[in-house]
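Engineer: Got structure07.json for you, JSON, C-alpha atoms:
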[["chain", "number", "residue", "atom", "x", "y", "z"],
["A", 1, "MET", "CA", 91.38, 122.25, 78.94],
["A", 2, "LYS", "CA", 93.43, 121.29, 75.89],
["A", 3, "THR", "CA", 96.71, 123.04, 75.17],
["A", 4, "ASN", "CA", 97.42, 124.44, 71.73],
["A", 5, "PRO", "CA", 99.73, 121.94, 70.01],
["A", 6, "ARG", "CA", 101.28, 124.74, 67.94],
["A", 7, "ILE", "CA", 102.42, 126.77, 70.95],
["A", 8, "VAL", "CA", 106.21, 127.06, 70.91],
["A", 9, "THR", "CA", 107.91, 128.07, 74.17],
["A", 10, "LYS", "CA", 111.17, 129.97, 74.40],
["A", 11, "GLU", "CA", 112.76, 126.89, 75.95],
["A", 12, "LYS", "CA", 111.73, 124.86, 72.91],
["A", 13, "LEU", "CA", 113.18, 127.54, 70.66],
["A", 14, "LEU", "CA", 116.51, 127.30, 72.50],
["A", 15, "GLU", "CA", 116.53, 123.52, 72.10],
["A", 16, "ASP", "CA", 115.78, 123.87, 68.39],
["A", 17, "PHE", "CA", 118.51, 126.47, 67.82],
["A", 18, "ILE", "CA", 121.12, 124.29, 69.51],
["A", 19, "ALA", "CA", 119.96, 121.20, 67.60],
["A", 20, "LEU", "CA", 120.16, 123.19, 64.36],
["A", 21, "GLY", "CA", 123.80, 123.98, 65.05],
["A", 22, "VAL", "CA", 123.83, 127.47, 66.57],
["A", 23, "GLN", "CA", 127.03, 127.70, 68.61],
["A", 24, "ARG", "CA", 128.26, 129.91, 71.40],
["A", 25, "GLY", "CA", 130.21, 132.83, 69.99],
["A", 26, "ASP", "CA", 128.38, 132.81, 66.65],
["A", 27, "THR", "CA", 127.60, 136.03, 64.84],
["A", 28, "LEU", "CA", 124.25, 135.34, 63.18],
["A", 29, "ASN", "CA", 122.45, 137.30, 60.49],
["A", 30, "VAL", "CA", 118.88, 136.25, 61.21],
["A", 31, "LYS", "CA", 116.14, 136.22, 58.56],
["A", 32, "ALA", "CA", 112.91, 134.83, 59.97],
["A", 33, "SER", "CA", 109.23, 134.33, 59.29],
["A", 34, "LEU", "CA", 107.86, 134.32, 62.83],
["A", 35, "GLY", "CA", 104.44, 133.17, 61.66],
["A", 36, "SER", "CA", 106.00, 130.01, 60.24],
["A", 37, "ILE", "CA", 107.44, 129.04, 63.65],
["A", 38, "GLY", "CA", 103.99, 128.65, 65.17],
["A", 39, "ASN", "CA", 102.30, 130.35, 68.10],
["A", 40, "VAL", "CA", 105.39, 131.55, 69.95],
["A", 41, "ALA", "CA", 104.73, 132.11, 73.63],
["A", 42, "GLY", "CA", 106.08, 135.59, 74.29],
["A", 43, "GLY", "CA", 106.30, 136.47, 70.61],
["A", 44, "ALA", "CA", 109.41, 137.88, 68.96],
["A", 45, "GLU", "CA", 110.96, 138.69, 72.34],
["A", 46, "SER", "CA", 111.13, 134.96, 73.10],
["A", 47, "VAL", "CA", 112.95, 134.36, 69.82],
["A", 48, "ILE", "CA", 115.50, 137.03, 70.76],
["A", 49, "TRP", "CA", 115.93, 135.50, 74.23],
["A", 50, "ALA", "CA", 116.52, 132.02, 72.79],
["A", 51, "LEU", "CA", 118.97, 133.28, 70.17],
["A", 52, "LEU", "CA", 121.00, 135.19, 72.75],
["A", 53, "GLU", "CA", 121.06, 132.19, 75.06],
["A", 54, "ALA", "CA", 122.29, 130.03, 72.20],
["A", 55, "VAL", "CA", 125.14, 132.35, 71.07],
["A", 56, "GLY", "CA", 126.13, 133.32, 74.63],
["A", 57, "ASP", "CA", 127.96, 136.40, 75.86],
["A", 58, "GLU", "CA", 130.58, 136.16, 73.09],
["A", 59, "GLY", "CA", 127.98, 135.96, 70.32],
["A", 60, "THR", "CA", 125.95, 138.53, 68.39],
["A", 61, "ILE", "CA", 122.63, 138.47, 66.58],
["A", 62, "VAL", "CA", 121.90, 140.82, 63.66],
["A", 63, "THR", "CA", 118.64, 141.48, 61.81],
["A", 64, "ASP", "CA", 117.40, 143.69, 59.01],
["A", 65, "SER", "CA", 115.55, 146.72, 60.33],
["A", 66, "PHE", "CA", 115.11, 148.59, 57.06],
["A", 67, "VAL", "CA", 112.84, 151.64, 56.89],
["A", 68, "GLN", "CA", 110.61, 153.06, 54.20],
["A", 69, "CYS", "CA", 111.91, 155.60, 51.72],
["A", 70, "TYR", "CA", 109.75, 157.77, 49.47],
["A", 71, "ARG", "CA", 109.52, 158.87, 45.86],
["A", 72, "LEU", "CA", 111.46, 162.03, 45.05],
["A", 73, "PRO", "CA", 110.80, 164.88, 45.18],
["A", 74, "LEU", "CA", 109.32, 164.38, 48.63],
["A", 75, "MET", "CA", 105.71, 165.51, 48.73],
["A", 76, "GLY", "CA", 103.08, 166.10, 51.41],
["A", 77, "GLU", "CA", 103.71, 164.46, 54.77],
["A", 78, "ASN", "CA", 106.78, 162.64, 53.44],
["A", 79, "LYS", "CA", 108.63, 165.98, 53.39],
["A", 80, "SER", "CA", 108.53, 166.11, 57.20],
["A", 81, "LYS", "CA", 109.41, 162.45, 57.93],
["A", 82, "ILE", "CA", 112.88, 161.92, 59.39],
["A", 83, "SER", "CA", 114.59, 158.54, 59.69],
["A", 84, "THR", "CA", 115.86, 157.95, 63.25],
["A", 85, "ASP", "CA", 116.96, 155.07, 65.48],
["A", 86, "GLU", "CA", 113.33, 154.76, 66.60],
["A", 87, "THR", "CA", 111.71, 154.63, 63.15],
["A", 88, "PRO", "CA", 109.70, 151.39, 62.86],
["A", 89, "SER", "CA", 110.85, 148.86, 60.27],
["A", 90, "TYR", "CA", 108.78, 147.22, 57.55],
["A", 91, "ALA", "CA", 110.95, 144.07, 57.96],
["A", 92, "GLY", "CA", 108.58, 142.35, 60.39],
["A", 93, "ALA", "CA", 108.02, 141.48, 64.03],
["A", 94, "LEU", "CA", 111.55, 140.33, 64.82],
["A", 95, "ALA", "CA", 113.06, 143.54, 63.43],
["A", 96, "ASN", "CA", 110.75, 145.73, 65.48],
["A", 97, "ALA", "CA", 111.28, 143.68, 68.64],
["A", 98, "MET", "CA", 115.03, 144.18, 68.16],
["A", 99, "ILE", "CA", 114.52, 147.94, 67.76],
["A", 100, "ARG", "CA", 112.54, 148.05, 71.02],
["A", 101, "ASP", "CA", 115.08, 146.00, 72.97],
["A", 102, "SER", "CA", 117.14, 148.26, 75.26],
["A", 103, "ARG", "CA", 120.28, 146.20, 74.54],
["A", 104, "SER", "CA", 120.16, 146.65, 70.79],
["A", 105, "VAL", "CA", 122.28, 148.97, 68.67],
["A", 106, "ARG", "CA", 120.87, 150.18, 65.35],
["A", 107, "SER", "CA", 123.00, 151.15, 62.38],
["A", 108, "LYS", "CA", 123.19, 154.77, 61.26],
["A", 109, "HIS", "CA", 122.37, 154.21, 57.60],
["A", 110, "PRO", "CA", 119.24, 156.28, 56.85],
["A", 111, "ILE", "CA", 117.35, 153.49, 55.00],
["A", 112, "GLN", "CA", 119.00, 150.05, 55.07],
["A", 113, "LYS", "CA", 119.30, 149.96, 58.83],
["A", 114, "PHE", "CA", 120.34, 146.82, 60.70],
["A", 115, "ALA", "CA", 119.93, 146.10, 64.41],
["A", 116, "ALA", "CA", 122.22, 143.99, 66.58],
["A", 117, "ILE", "CA", 122.54, 142.70, 70.14],
["A", 118, "GLY", "CA", 125.69, 141.14, 71.54],
["A", 119, "LYS", "CA", 129.44, 141.50, 71.73],
["A", 120, "ARG", "CA", 129.94, 142.90, 68.21],
["A", 121, "ALA", "CA", 126.82, 145.08, 68.09],
["A", 122, "GLU", "CA", 128.51, 148.49, 68.37],
["A", 123, "GLU", "CA", 131.41, 147.52, 66.08],
["A", 124, "LEU", "CA", 129.02, 146.44, 63.32],
["A", 125, "MET", "CA", 126.27, 149.02, 63.70],
["A", 126, "LEU", "CA", 128.04, 152.29, 64.43],
["A", 127, "ASN", "CA", 130.29, 151.94, 61.37],
["A", 128, "HIS", "CA", 127.27, 151.57, 59.05],
["A", 129, "THR", "CA", 126.65, 155.19, 58.09],
["A", 130, "PRO", "CA", 125.16, 157.24, 55.23],
["A", 131, "GLN", "CA", 128.54, 156.91, 53.50],
["A", 132, "SER", "CA", 128.45, 153.09, 53.62],
["A", 133, "TYR", "CA", 127.18, 150.69, 51.01],
["A", 134, "ALA", "CA", 123.61, 149.75, 51.93],
["A", 135, "TYR", "CA", 124.53, 146.13, 52.78],
["A", 136, "ASP", "CA", 127.99, 146.80, 54.20],
["A", 137, "VAL", "CA", 127.12, 145.13, 57.51],
["A", 138, "LEU", "CA", 126.71, 141.85, 55.64],
["A", 139, "ARG", "CA", 129.96, 142.41, 53.74],
["A", 140, "ILE", "CA", 131.78, 142.64, 57.07],
["A", 141, "LEU", "CA", 130.05, 139.50, 58.35],
["A", 142, "ILE", "CA", 131.19, 137.65, 55.22],
["A", 143, "LYS", "CA", 134.80, 138.62, 55.95],
["A", 144, "THR", "CA", 134.66, 137.83, 59.68],
["A", 145, "GLY", "CA", 133.04, 134.40, 59.91],
["A", 146, "GLY", "CA", 129.38, 135.38, 60.00],
["A", 147, "LYS", "CA", 126.63, 132.84, 59.55],
["A", 148, "ASN", "CA", 123.14, 133.28, 58.17],
["A", 149, "LEU", "CA", 120.21, 131.78, 60.05],
["A", 150, "LYS", "CA", 117.13, 131.46, 57.86],
["A", 151, "ILE", "CA", 113.88, 130.51, 59.59],
["A", 152, "GLY", "CA", 111.03, 129.77, 57.21],
["A", 153, "SER", "CA", 110.61, 128.18, 53.81],
["A", 154, "ASP", "CA", 112.17, 129.56, 50.64],
["A", 155, "GLU", "CA", 108.71, 130.86, 49.72],
["A", 156, "LYS", "CA", 108.40, 132.74, 53.02],
["A", 157, "VAL", "CA", 111.94, 134.05, 53.46],
["A", 158, "TYR", "CA", 113.69, 135.63, 50.51],
["A", 159, "GLY", "CA", 117.33, 134.66, 50.01],
["A", 160, "ILE", "CA", 119.95, 134.07, 52.67],
["A", 161, "GLY", "CA", 121.59, 137.48, 53.10],
["A", 162, "THR", "CA", 124.66, 137.70, 50.86],
["A", 163, "THR", "CA", 123.39, 138.09, 47.28],
["A", 164, "HIS", "CA", 122.95, 141.85, 47.63],
["A", 165, "VAL", "CA", 126.60, 142.09, 48.64],
["A", 166, "ALA", "CA", 127.68, 140.09, 45.59],
["A", 167, "LEU", "CA", 125.60, 142.28, 43.27],
["A", 168, "GLY", "CA", 127.16, 145.38, 44.80],
["A", 169, "ALA", "CA", 130.70, 144.01, 44.53],
["A", 170, "LEU", "CA", 130.15, 143.18, 40.85],
["A", 171, "GLY", "CA", 128.77, 146.67, 40.19],
["A", 172, "TYR", "CA", 125.59, 145.60, 38.42],
["A", 173, "ARG", "CA", 123.16, 148.48, 37.99],
["A", 174, "GLN", "CA", 119.37, 148.38, 38.09],
["A", 175, "LYS", "CA", 117.03, 151.20, 37.09],
["A", 176, "ARG", "CA", 115.01, 152.30, 40.10],
["A", 177, "THR", "CA", 112.51, 154.99, 41.04],
["A", 178, "ALA", "CA", 114.27, 158.03, 42.50],
["A", 179, "ALA", "CA", 113.59, 157.74, 46.23],
["A", 180, "GLY", "CA", 114.97, 158.84, 49.55],
["A", 181, "VAL", "CA", 114.31, 159.98, 53.09],
["A", 182, "LYS", "CA", 115.44, 162.77, 55.40],
["A", 183, "TYR", "CA", 117.78, 162.07, 58.32],
["A", 184, "ARG", "CA", 119.93, 163.99, 60.80],
["A", 185, "ASP", "CA", 123.70, 163.98, 60.38],
["A", 186, "GLY", "CA", 126.16, 163.82, 63.27],
["A", 187, "LYS", "CA", 125.75, 167.56, 63.87],
["A", 188, "GLY", "CA", 121.96, 167.39, 63.96],
["A", 189, "ASN", "CA", 121.45, 168.92, 60.53],
["A", 190, "VAL", "CA", 118.52, 167.53, 58.50],
["A", 191, "LYS", "CA", 119.68, 166.14, 55.16],
["A", 192, "LEU", "CA", 118.18, 164.20, 52.29],
["A", 193, "PHE", "CA", 119.52, 160.71, 51.63],
["A", 194, "ARG", "CA", 118.93, 159.35, 48.13],
["A", 195, "LEU", "CA", 118.59, 155.64, 47.44],
["A", 196, "ASN", "CA", 121.92, 154.80, 45.77],
["A", 197, "TRP", "CA", 122.13, 151.04, 45.22],
["A", 198, "SER", "CA", 120.63, 148.38, 42.98],
["A", 199, "GLY", "CA", 117.75, 146.25, 44.17],
["A", 200, "ALA", "CA", 117.54, 142.55, 43.37],
["A", 201, "GLY", "CA", 116.08, 140.03, 41.03],
["A", 202, "HIS", "CA", 113.24, 137.79, 42.14],
["A", 203, "GLY", "CA", 115.13, 134.52, 41.80],
["A", 204, "PHE", "CA", 117.49, 134.52, 44.79],
["A", 205, "ASN", "CA", 116.26, 131.14, 45.99],
["A", 206, "LYS", "CA", 117.54, 129.50, 42.81],
["A", 207, "PHE", "CA", 120.97, 129.61, 44.45],
["A", 208, "MET", "CA", 120.00, 127.07, 47.13],
["A", 209, "PRO", "CA", 121.10, 123.89, 45.28],
["A", 210, "LYS", "CA", 124.43, 125.56, 44.52],
["A", 211, "TYR", "CA", 124.91, 126.44, 48.19],
["A", 212, "GLN", "CA", 124.23, 122.84, 49.10],
["A", 213, "ALA", "CA", 126.73, 121.56, 46.53],
["A", 214, "ALA", "CA", 129.41, 123.96, 47.78],
["A", 215, "GLY", "CA", 129.01, 122.87, 51.42],
["A", 216, "ALA", "CA", 127.61, 126.20, 52.57],
["A", 217, "VAL", "CA", 124.75, 124.63, 54.56],
["A", 218, "LEU", "CA", 126.12, 124.03, 58.07],
["A", 219, "GLY", "CA", 122.91, 122.78, 59.61],
["A", 220, "GLN", "CA", 119.26, 122.34, 58.77],
["A", 221, "GLY", "CA", 116.16, 121.24, 60.60],
["A", 222, "TYR", "CA", 113.24, 123.00, 62.25],
["A", 223, "VAL", "CA", 112.68, 125.90, 64.60],
["A", 224, "GLY", "CA", 109.25, 125.28, 66.00],
["A", 225, "PHE", "CA", 107.24, 124.33, 62.91],
["A", 226, "ALA", "CA", 109.42, 126.30, 60.46],
["A", 227, "PRO", "CA", 112.12, 124.75, 58.29],
["A", 228, "ALA", "CA", 115.43, 126.41, 59.09],
["A", 229, "LYS", "CA", 119.03, 126.34, 57.97],
["A", 230, "ILE", "CA", 122.36, 127.84, 58.92],
["A", 231, "THR", "CA", 124.71, 128.82, 56.11],
["A", 232, "ASP", "CA", 128.30, 130.00, 55.97],
["A", 233, "MET", "CA", 128.12, 133.54, 54.58],
["A", 234, "LYS", "CA", 131.61, 133.43, 53.03],
["A", 235, "ILE", "CA", 130.78, 130.28, 51.06],
["A", 236, "THR", "CA", 127.39, 131.53, 49.86],
["A", 237, "TYR", "CA", 129.00, 134.80, 48.79],
["A", 238, "ASP", "CA", 131.73, 132.98, 46.86],
["A", 239, "VAL", "CA", 129.08, 130.85, 45.10],
["A", 240, "GLU", "CA", 127.16, 134.00, 44.13],
["A", 241, "ILE", "CA", 130.22, 135.88, 42.88],
["A", 242, "LYS", "CA", 131.22, 132.95, 40.67],
["A", 243, "GLU", "CA", 127.71, 132.42, 39.29],
["A", 244, "LEU", "CA", 126.81, 136.07, 38.79],
["A", 245, "LYS", "CA", 130.13, 136.94, 37.18],
["A", 246, "ASP", "CA", 129.48, 134.28, 34.55],
["A", 247, "ASN", "CA", 125.72, 134.78, 34.32],
["A", 248, "PRO", "CA", 124.32, 137.96, 35.93],
["A", 249, "SER", "CA", 120.79, 136.95, 34.91],
["A", 250, "PHE", "CA", 120.88, 133.90, 37.20],
["A", 251, "GLN", "CA", 119.38, 135.90, 40.09],
["A", 252, "LEU", "CA", 116.36, 136.91, 38.01],
["A", 253, "CYS", "CA", 113.01, 135.14, 38.09],
["A", 254, "ASP", "CA", 111.66, 133.14, 35.15],
["A", 255, "ARG", "CA", 108.39, 135.03, 34.66],
["A", 256, "ASP", "CA", 108.02, 136.57, 31.20],
["A", 257, "ASP", "CA", 105.88, 139.41, 32.59],
["A", 258, "CYS", "CA", 108.25, 140.49, 35.40],
["A", 259, "VAL", "CA", 109.24, 143.99, 34.31],
["A", 260, "PRO", "CA", 112.08, 144.50, 36.84],
["A", 261, "CYS", "CA", 113.75, 141.19, 35.93],
["A", 262, "ARG", "CA", 113.27, 141.54, 32.19],
["A", 263, "LEU", "CA", 113.90, 145.26, 31.57],
["A", 264, "SER", "CA", 115.55, 147.10, 34.47],
["A", 265, "TRP", "CA", 119.14, 145.79, 34.62],
["A", 266, "ASP", "CA", 122.12, 147.14, 32.72],
["A", 267, "PHE", "CA", 122.68, 143.60, 31.42],
["A", 268, "SER", "CA", 119.04, 143.14, 30.37],
["A", 269, "GLU", "CA", 119.07, 141.66, 26.87],
["A", 270, "GLU", "CA", 115.34, 141.81, 26.21],
["A", 271, "SER", "CA", 114.12, 144.74, 24.15],
["A", 272, "LEU", "CA", 110.86, 146.48, 24.92],
["A", 273, "LEU", "CA", 109.31, 145.11, 21.72],
["A", 274, "THR", "CA", 110.38, 141.56, 22.59],
["A", 275, "PHE", "CA", 108.95, 141.96, 26.09],
["A", 276, "LEU", "CA", 105.60, 143.15, 24.72],
["A", 277, "ALA", "CA", 105.55, 140.37, 22.13],
["A", 278, "ASN", "CA", 106.31, 137.69, 24.72],
["A", 279, "ASN", "CA", 103.40, 138.96, 26.84],
["A", 280, "PHE", "CA", 101.00, 139.68, 23.98],
["A", 281, "LEU", "CA", 98.19, 137.51, 25.36],
["A", 282, "ASN", "CA", 98.49, 139.01, 28.85],
["A", 283, "LEU", "CA", 99.07, 142.65, 28.03],
["A", 284, "SER", "CA", 97.23, 145.19, 30.15],
["A", 285, "PRO", "CA", 97.49, 148.98, 30.29],
["A", 286, "THR", "CA", 99.25, 148.65, 33.65],
["A", 287, "LEU", "CA", 101.88, 146.24, 32.34],
["A", 288, "ILE", "CA", 102.51, 148.35, 29.23],
["A", 289, "ALA", "CA", 102.85, 151.53, 31.29],
["A", 290, "LYS", "CA", 105.22, 149.84, 33.75],
["A", 291, "ALA", "CA", 107.38, 148.53, 30.90],
["A", 292, "PHE", "CA", 107.62, 151.96, 29.21],
["A", 293, "LEU", "CA", 108.29, 153.69, 32.54],
["A", 294, "THR", "CA", 111.10, 151.28, 33.40],
["A", 295, "ARG", "CA", 112.79, 151.33, 30.02],
["A", 296, "PHE", "CA", 112.60, 155.08, 29.27],
["A", 297, "PHE", "CA", 112.10, 157.02, 32.51],
["A", 298, "LEU", "CA", 113.67, 155.23, 35.46],
["A", 299, "LYS", "CA", 117.33, 155.94, 36.17],
["A", 300, "TYR", "CA", 120.28, 153.98, 37.48],
["A", 301, "PRO", "CA", 120.90, 155.16, 41.07],
["A", 302, "PHE", "CA", 124.69, 155.22, 40.66]]
I need this file expressed as structure tokens, please.

Structural biologist:
Amino acid sequence: MKTNPRIVTKEKLLEDFIALGVQRGDTLNVKASLGSIGNVAGGAESVIWALLEAVGDEGTIVTDSFVQCYRLPLMGENKSKISTDETPSYAGALANAMIRDSRSVRSKHPIQKFAAIGKRAEELMLNHTPQSYAYDVLRILIKTGGKNLKIGSDEKVYGIGTTHVALGALGYRQKRTAAGVKYRDGKGNVKLFRLNWSGAGHGFNKFMPKYQAAGAVLGQGYVGFAPAKITDMKITYDVEIKELKDNPSFQLCDRDDCVPCRLSWDFSEESLLTFLANNFLNLSPTLIAKAFLTRFFLKYPF
């Protein structure tokens, strides 16, 4: 009986993480496309095991575990949904395996939740509350020697984890649909949390050559069959601050018909008429409606 050549064992994952440059004591912000790794024996739980073995007792692993929010005012079944520590994440298999792990601690932010296992888990997660900036966990990692571990190609895994922090620090505003979710405060009272931060452009991966030039890439190779790299979060953040301060549009995509990138930012220079003219040959009722909605009806969340 032939074995599947794409099966990746947890022992192989550990070897790959160490070869990539994961060190004992690291605090890692992990962004991963599990499907890109291959057929992982044991699934996401094996990835967690290998990561924890690699960073050791003094290390910590952190992942996104963001949850869905809903258009306001809340309607129908969304009125009764409450965000809790057990709410599943849309961020993928690794995020949900972290949520299920009895050792993990999940942040208290109602929407942009993170999950962590390791020495710094409680310190990082329990201070991330409804009063915190959505990506404040990453801001702290930037200041305290955190590293980003990206597993998957640039097409599969979006960005490297610090650009949202840079956008927040620079105060750039993006029009967004009013959205939120209910949660329980520390006294058990049910409250409504409103989305209160900007989103992102669709061109985060354009930063990669600049990270390379600045020396932010600490290691690169493969985890299973997936390309992977480790980056210094302080250096990538500094690159982003410098670039975005000079040119806030750098993080936007290059597509003429991308409404969020062309029309939603407070620094957007393209008028509605210019947008429609540039897309004259591809105009559709949906695109026109989305453009008008964004320009005239969506609001800045702060």

Engineer: From the options A:Val181, A:Ala115, A:Cys261, A:Leu218, which residue's atoms come nearest to Ala95 of chain A, counting all atoms listed in the file?

Structural biologist: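 Closest residue, counting all atoms listed in the file: A:Ala115.
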
Engineer: Given the choices A:Leu276, A:Thr163, A:Ser249, A:Val47, which gets closest to Ala97 of chain A if the distance is worked out from only C-alpha atoms?

Structural biologist: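 Looking only at the distances to Ala97 of chain A, the closest residue turns out to be A:Val47.
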
Engineer: To one decimal place in Å, what is the distance between atom CA of Ile151 of chain A and atom CA of Ile241 of chain A?

Structural biologist: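 According to the coordinates, atom CA of Ile151 of chain A and atom CA of Ile241 of chain A are separated by 24.0 Å.
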
Engineer: Give me the residues within 12 Å of Gly59 of chain A as a PyMOL selection string, counting all atoms listed in the file and dropping any in the same chain fewer than 3 places off.

Structural biologist: chain A and resi 22-29+51-56+62+116-121+145-147

Engineer: Tell me which protein, DNA and RNA residues are within 10 Å of segment 172-179 of chain A, counting only C-alpha atoms, leaving out same-chain ones fewer than 5 positions away, and put them as JSON, numbers by chain.

Structural biologist: {"A": [68, 69, 70, 71, 72, 73, 74, 166, 167, 192, 193, 194, 195, 196, 197, 198, 199, 200, 201, 244, 245, 248, 260, 261, 263, 264, 265, 266, 267, 268, 293, 294, 295, 296, 297, 298, 299, 300, 301, 302]}

Engineer: Between A:His109, A:Lys81, A:Arg103, A:Lys229, single out the one closest to Ser65 of chain A, counting all atoms listed in the file.

Structural biologist: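 Looking only at the distances to Ser65 of chain A, the closest residue turns out to be A:His109.
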
Engineer: Might you pull out every residue within 9 Å of His202 of chain A, with only C-alpha atoms counted and same-chain residues fewer than 4 positions away left off, and present them as a PyMOL selection string?

Structural biologist: chain A and resi 158+251-254+258+260-261

Engineer: Can you list, as a PyMOL selection string, every protein, DNA or RNA residue that comes within 12 Å of Lys10 of chain A when you count all atoms listed in the file, leaving out same-chain residues fewer than 4 positions away?

Structural biologist: chain A and resi 14-17+37-54+223-224

Engineer: Interatomic distance between atom CA of Ile235 of chain A and atom CA of Thr162 of chain A?

Structural biologist: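 Distance reported for this atom pair: 9.6 Å.
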
Engineer: Find the distance between atom CA of Tyr222 of chain A and atom CA of Pro88 of chain A and write it in Å to one decimal.

Structural biologist: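 We find that atom CA of Tyr222 of chain A and atom CA of Pro88 of chain A lie 28.6 Å from each other.
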
Engineer: Identify the residues within 6 Å of coordinate (104.7, 139.0, 30.2) (same frame as the file), considering all atoms listed in the file, and give the answer as an MDAnalysis selection string.

Structural biologist: chainID A and resid 256:257 278:279

Engineer: I'd like the contact shell of Asp154 of chain A - 12 Å cut-off, only C-alpha atoms, skipping same-chain residues fewer than 5 positions apart - returned as a ChimeraX atom specification.

Structural biologist: /A:31-33,36,159-160,202-209,226-229

Engineer: Rank nothing, just name the residue among A:Ile18, A:Leu13, A:Gly161, A:Arg6 nearest to Gln220 of chain A, using only C-alpha atoms.

Structural biologist: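 Closest residue, counting only C-alpha atoms: A:Ile18.
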
Engineer: Find the residue from A:Asp85, A:Glu77, A:Glu243, A:Asp232 that sits nearest to Lys150 of chain A; use only C-alpha atoms when measuring.

Structural biologist: A:Asp232

Engineer: From (135.4, 135.7, 52.0), in the file's coordinates, out to 9 Å: which residues are reached, counting all atoms listed in the file? Answer as a PDB file with C-alpha atoms, in the frame of the given file.

Structural biologist:
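This went into selection-v8.pdb:
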ATOM      1  CA  ARG A 139     129.960 142.410  53.740  1.00  0.00           C
ATOM      2  CA  ILE A 142     131.190 137.650  55.220  1.00  0.00           C
ATOM      3  CA  LYS A 143     134.800 138.620  55.950  1.00  0.00           C
ATOM      4  CA  THR A 144     134.660 137.830  59.680  1.00  0.00           C
ATOM      5  CA  GLY A 145     133.040 134.400  59.910  1.00  0.00           C
ATOM      6  CA  MET A 233     128.120 133.540  54.580  1.00  0.00           C
ATOM      7  CA  LYS A 234     131.610 133.430  53.030  1.00  0.00           C
ATOM      8  CA  ILE A 235     130.780 130.280  51.060  1.00  0.00           C
ATOM      9  CA  TYR A 237     129.000 134.800  48.790  1.00  0.00           C
ATOM     10  CA  ASP A 238     131.730 132.980  46.860  1.00  0.00           C
TER      11      ASP A 238
END

Engineer: Any chance you could build segment 244-255 of chain A out to N, CA, C and O atoms and write it as a CSV table (one decimal), in the coordinates of the input?

Structural biologist:
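Saved as rebuild_26.csv:
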chain,number,residue,atom,x,y,z
A,244,LEU,N,127.3,134.8,39.3
A,244,LEU,CA,126.8,136.1,38.8
A,244,LEU,C,127.8,136.7,37.9
A,244,LEU,O,127.5,137.5,37.0
A,245,LYS,N,129.1,136.4,38.1
A,245,LYS,CA,130.1,136.9,37.2
A,245,LYS,C,130.0,136.3,35.8
A,245,LYS,O,130.1,136.9,34.8
A,246,ASP,N,129.7,135.0,35.8
A,246,ASP,CA,129.5,134.3,34.6
A,246,ASP,C,128.1,134.5,33.9
A,246,ASP,O,128.0,134.5,32.7
A,247,ASN,N,127.1,134.7,34.8
A,247,ASN,CA,125.7,134.8,34.3
A,247,ASN,C,124.9,135.7,35.2
A,247,ASN,O,124.2,135.2,36.1
A,248,PRO,N,125.0,137.0,35.0
A,248,PRO,CA,124.3,138.0,35.9
A,248,PRO,C,122.8,137.8,36.0
A,248,PRO,O,122.2,138.1,37.0
A,249,SER,N,122.2,137.2,34.9
A,249,SER,CA,120.8,137.0,34.9
A,249,SER,C,120.3,135.8,35.8
A,249,SER,O,119.1,135.6,36.0
A,250,PHE,N,121.3,135.1,36.4
A,250,PHE,CA,120.9,133.9,37.2
A,250,PHE,C,120.0,134.3,38.4
A,250,PHE,O,119.1,133.5,38.7
A,251,GLN,N,120.2,135.5,38.9
A,251,GLN,CA,119.4,135.9,40.1
A,251,GLN,C,118.0,136.4,39.7
A,251,GLN,O,117.2,136.8,40.6
A,252,LEU,N,117.7,136.4,38.4
A,252,LEU,CA,116.4,136.9,38.0
A,252,LEU,C,115.3,135.8,38.0
A,252,LEU,O,115.7,134.6,37.9
A,253,CYS,N,114.1,136.2,38.1
A,253,CYS,CA,113.0,135.1,38.1
A,253,CYS,C,112.8,134.7,36.7
A,253,CYS,O,113.3,135.3,35.7
A,254,ASP,N,111.9,133.7,36.5
A,254,ASP,CA,111.7,133.1,35.2
A,254,ASP,C,110.3,133.6,34.5
A,254,ASP,O,109.9,133.1,33.5
A,255,ARG,N,109.7,134.6,35.2
A,255,ARG,CA,108.4,135.0,34.7
A,255,ARG,C,108.6,136.0,33.5
A,255,ARG,O,109.3,137.0,33.6
